[in-house]
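In what follows, a single structure is set out as structure tokens and then discussed.
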There are 2 protein chains.
Amino acid sequence: MKYSIGVDMGGTNTDMGLVSENGNIIQRRNIPTNAYMELEPYVRDMMREIKAMVDEQSKLDGEPIQLEGIGIGAPNGNFYTGCVDNAPNLTIKGNLNFEKEIHKYLPVPVVLSNDANAAAYGEYVYGGARGMKHFIMFTLGTGVGSGIVVDGRLVHGSTGAAGELGHAILYQHGRKCSCGREGCLETYTSARGIVQTYCELKGVPVTPDITSKMIGELAHQGDPVALKTWETVGDQLGLAMANAVTFSAPEAIFLMGGPAQVGEPLLRPLRAAFEKYLLNIFSGTCQIRMSELRANEVAILGAAALLKMKN
Amino acid sequence: MKYSIGVDMGGTNTDMGLVSENGNIIQRRNIPTNAYMELEPYVRDMMREIKAMVDEQSKLDGEPIQLEGIGIGAPNGNFYTGCVDNAPNLTIKGNLNFEKEIHKYLPVPVVLSNDANAAAYGEYVYGGARGMKHFIMFTLGTGVGSGIVVDGRLVHGSTGAAGELGHAILYQHGRKCSCGREGCLETYTSARGIVQTYCELKGVPVTPDITSKMIGELAHQGDPVALKTWETVGDQLGLAMANAVTFSAPEAIFLMGGPAQVGEPLLRPLRAAFEKYLLNIFSGTCQIRMSELRANEVAILGAAALLKMKN
């Protein structure tokens with residue numbers, strides 16, 4: 001039987017999964033990313049866990065499994081070079097050549113992209129975007145990421161870093177962003193941005209005990225400030241999404257990530273704003289949909305899906 | 001010898017050209033678009049002119065020429081359907097099926113797209129974007145159009161209408177746009193938008209005798225209000241271009257059209273703004289360049305270039 005490996009490299013943990021052809025995660029393992037300062041021991045331990053999954057599955061199947069390859073979703077992962085380039089959130093520094101390092105252990109195809117691109121491709125191969133040629137994925141979380149599929153292919157651009165819609169400037173002279181500029185979408189619709197909007201509307205200082213999850217719960221209890229917060233966020237995200245449509249005229253825009261889990265308090269104003277800001281020629285041509293992959297599976301499935309790319 | 005036909009369908013005139021393999025316009029003809037109310041006589045007369053060019057060239061070459069096909073750049077031209085769909089500026093109304101109509105006269109390939117897409121593809125096949133896989137073209141004129149090339153292919157999107165960056169909203173609650181919404185890039189960086197900015201800065205009403213060309217001449221004479229106008233336009237366009245980079249990470253953004261001819265008074269602030277608004281990971285990866293095709297040739301060459309598309 002044929003399987004692939006999906007690796008979700010986060011700043012804290014690295015989750016690995018053995019994925020079947022039909023997109024089920026059969027086995028999972030993980031190692032603590034932040035326990036490593038160098039690539040060699042990190043990949044050594046990663047490969048030890050991957051080999052253990054492969055051996056275990058071969059035993060279960062009664063024959064050596066066929067391994068399609070290893071797909072990796074990583075912050076600053078560069079599709080063209082197969083490297084992770086100076087990711088600020090990683091304890092392992094420098095330009096990390098994963099492909100070269102992995103090939104010391106296993107001569108299988110290695111494909112690497114950033115986490116949002118991987119999520120988008122996971123939706124394409126295993127989720128709600130199956131059969132679509134044009135769609136965009138927005139991931140809301142600590143930051144705001146995006147992955148863009150045009151003509152059935154992930155858009156990596158000339159540098160490999162395309163699809164950074166979280167850093168499209170929504171409001172010139174807007175909120176200060178961690179990227180050093182002002183007004184990026186991320187400063188409004190990331191978990192932190194949502195908390196800031198809530199605190200501004202409520203007139204209280206931002207404190208660590210206020211979370212976007214809590215603001216979601218408050219909204220479901222009918223709290224007017226929380227509801228107003230999601231209305232504001234929906235309006236901002238709807239504007240950003242309508243602008244994205246002018247670029248690639250997608251069939252759908254998918255949404256995933258923690259803050260998006262709030263559901264209707266966000267989706268209702270988001271859909272209304274999207275319609276309001278959408279150029280009339282696109283009216284009715286693009287749906288806003290939630291990701292159909294499980295939150296705890298999308299990263300591994302997305303990474304594994306990268307192996308299905310044809311170029 | 002092999003030739004193609006490029007047709008630039010404007011609201012007023014339709015320009016046709018016989019284009020050689022190396023991108024020279026060998027012959028030109030035109031008919032008045034706005035003299036027609038229906039597609040049949042329009043295409044009949046268009047084909048009469050095209051046939052005259054073909055016959056003439058065959059005579060000159062001493063043998064029947066090989067015709068690669070007819071490429072058409074038209075407002076609301078839809079690449080997928082081969083139709084022009086309800087273009088507001090045309091006297092010929094409805095959904096116009098060019099391919100079907102042309103095939104009554106000549107059984108050659110017909111490819112159709114909107115004018116900005118055609119201009120982008122002309123730059124790709126015959127101009128400064130040769131060899132690039134990722135670039136964007138902005139056309140400034142009565143409106144603001146754009147054509148986007150990703151992985152060496154024009155982005156048409158799911159509907160055929162992708163690449164409408166002139167209608168990305170730059171300022172929420174900004175200037176009223178002809179599309180019915182507010183704050184579109186077009187309301188600031190089209191010829192009309194530039195005139196409006198100049199008049200606002202000068203504190204005078206907008207009158208028909210004030211043109212973007214005149215504001216360009218004033219800027220070259222050192223007029224401070226004109227210079228401030230181009231600075232403002234450069235800042236706005238630079239922001240829009242930096243946002244476009246987050247989408248597709250192009251190697252270059254090309255600029256063309258009447259108002260762009262002003263040169264340095266626009267380009268200097270534009271490049272400064274672009275650098276200022278560009279996400280740091282893209283710094284130094286994308287140039288702003290002027291179109292290398294002649295203003296009076298780009299539309300015909302772009303239309304002819306559409307025939308070079310592989311899908």
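Residue names in the structure tokens use chain letters A, B, ... in the order shown, residue numbers from 1 in each chain, and ligand numbers from 1 in the order shown.
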Find the nearest atom pair between each residue of chain B and chain A for residues within 6 Å, count only C-alpha atoms, give distances in Å to one decimal, sort rows by chain and ascending number, and present the table as CSV.
```
residue,atom,partner,partner_atom,distance
B:His134,CA,A:Ser158,CA,5.9
B:Gly157,CA,A:Ala249,CA,4.6
B:Ser158,CA,A:Pro250,CA,5.5
B:Ala162,CA,A:Ala249,CA,4.7
B:Gly163,CA,A:Phe247,CA,4.7
B:Glu164,CA,A:Thr246,CA,4.8
B:Leu165,CA,A:Thr246,CA,5.6
B:Ala168,CA,A:Asn243,CA,4.8
B:Asn243,CA,A:Ala168,CA,4.8
B:Thr246,CA,A:Glu164,CA,4.8
B:Phe247,CA,A:Gly163,CA,4.7
B:Ser248,CA,A:Ala162,CA,4.8
B:Ala249,CA,A:Gly157,CA,4.6
B:Pro250,CA,A:Ser158,CA,5.6
B:Glu251,CA,A:Ser158,CA,5.8
```
When DSSP is applied to the backbone of this structure, which of segment 31-116 of chain B are assigned alpha helix (DSSP H)? Write them out as a ChimeraX atom specification. /B:39-61,98-102,115-116
If I take atom CA of Pro41 of chain A and atom CA of Glu68 of chain A, how far is one from the other in Å, to one decimal?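 Atom-to-atom, atom CA of Pro41 of chain A to atom CA of Glu68 of chain A, that is 23.8 Å.
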Give me the residues within 8 Å of Thr12 of chain A as a ChimeraX atom specification, counting only C-alpha atoms and dropping any in the same chain fewer than 2 places off. /A:10,14,32-34
Pick out the residues sitting within 9 Å of Phe98 of chain A, and hand them over as a count of residues only; count only C-alpha atoms, and ignore anything fewer than 5 positions along from it in its own chain. 8
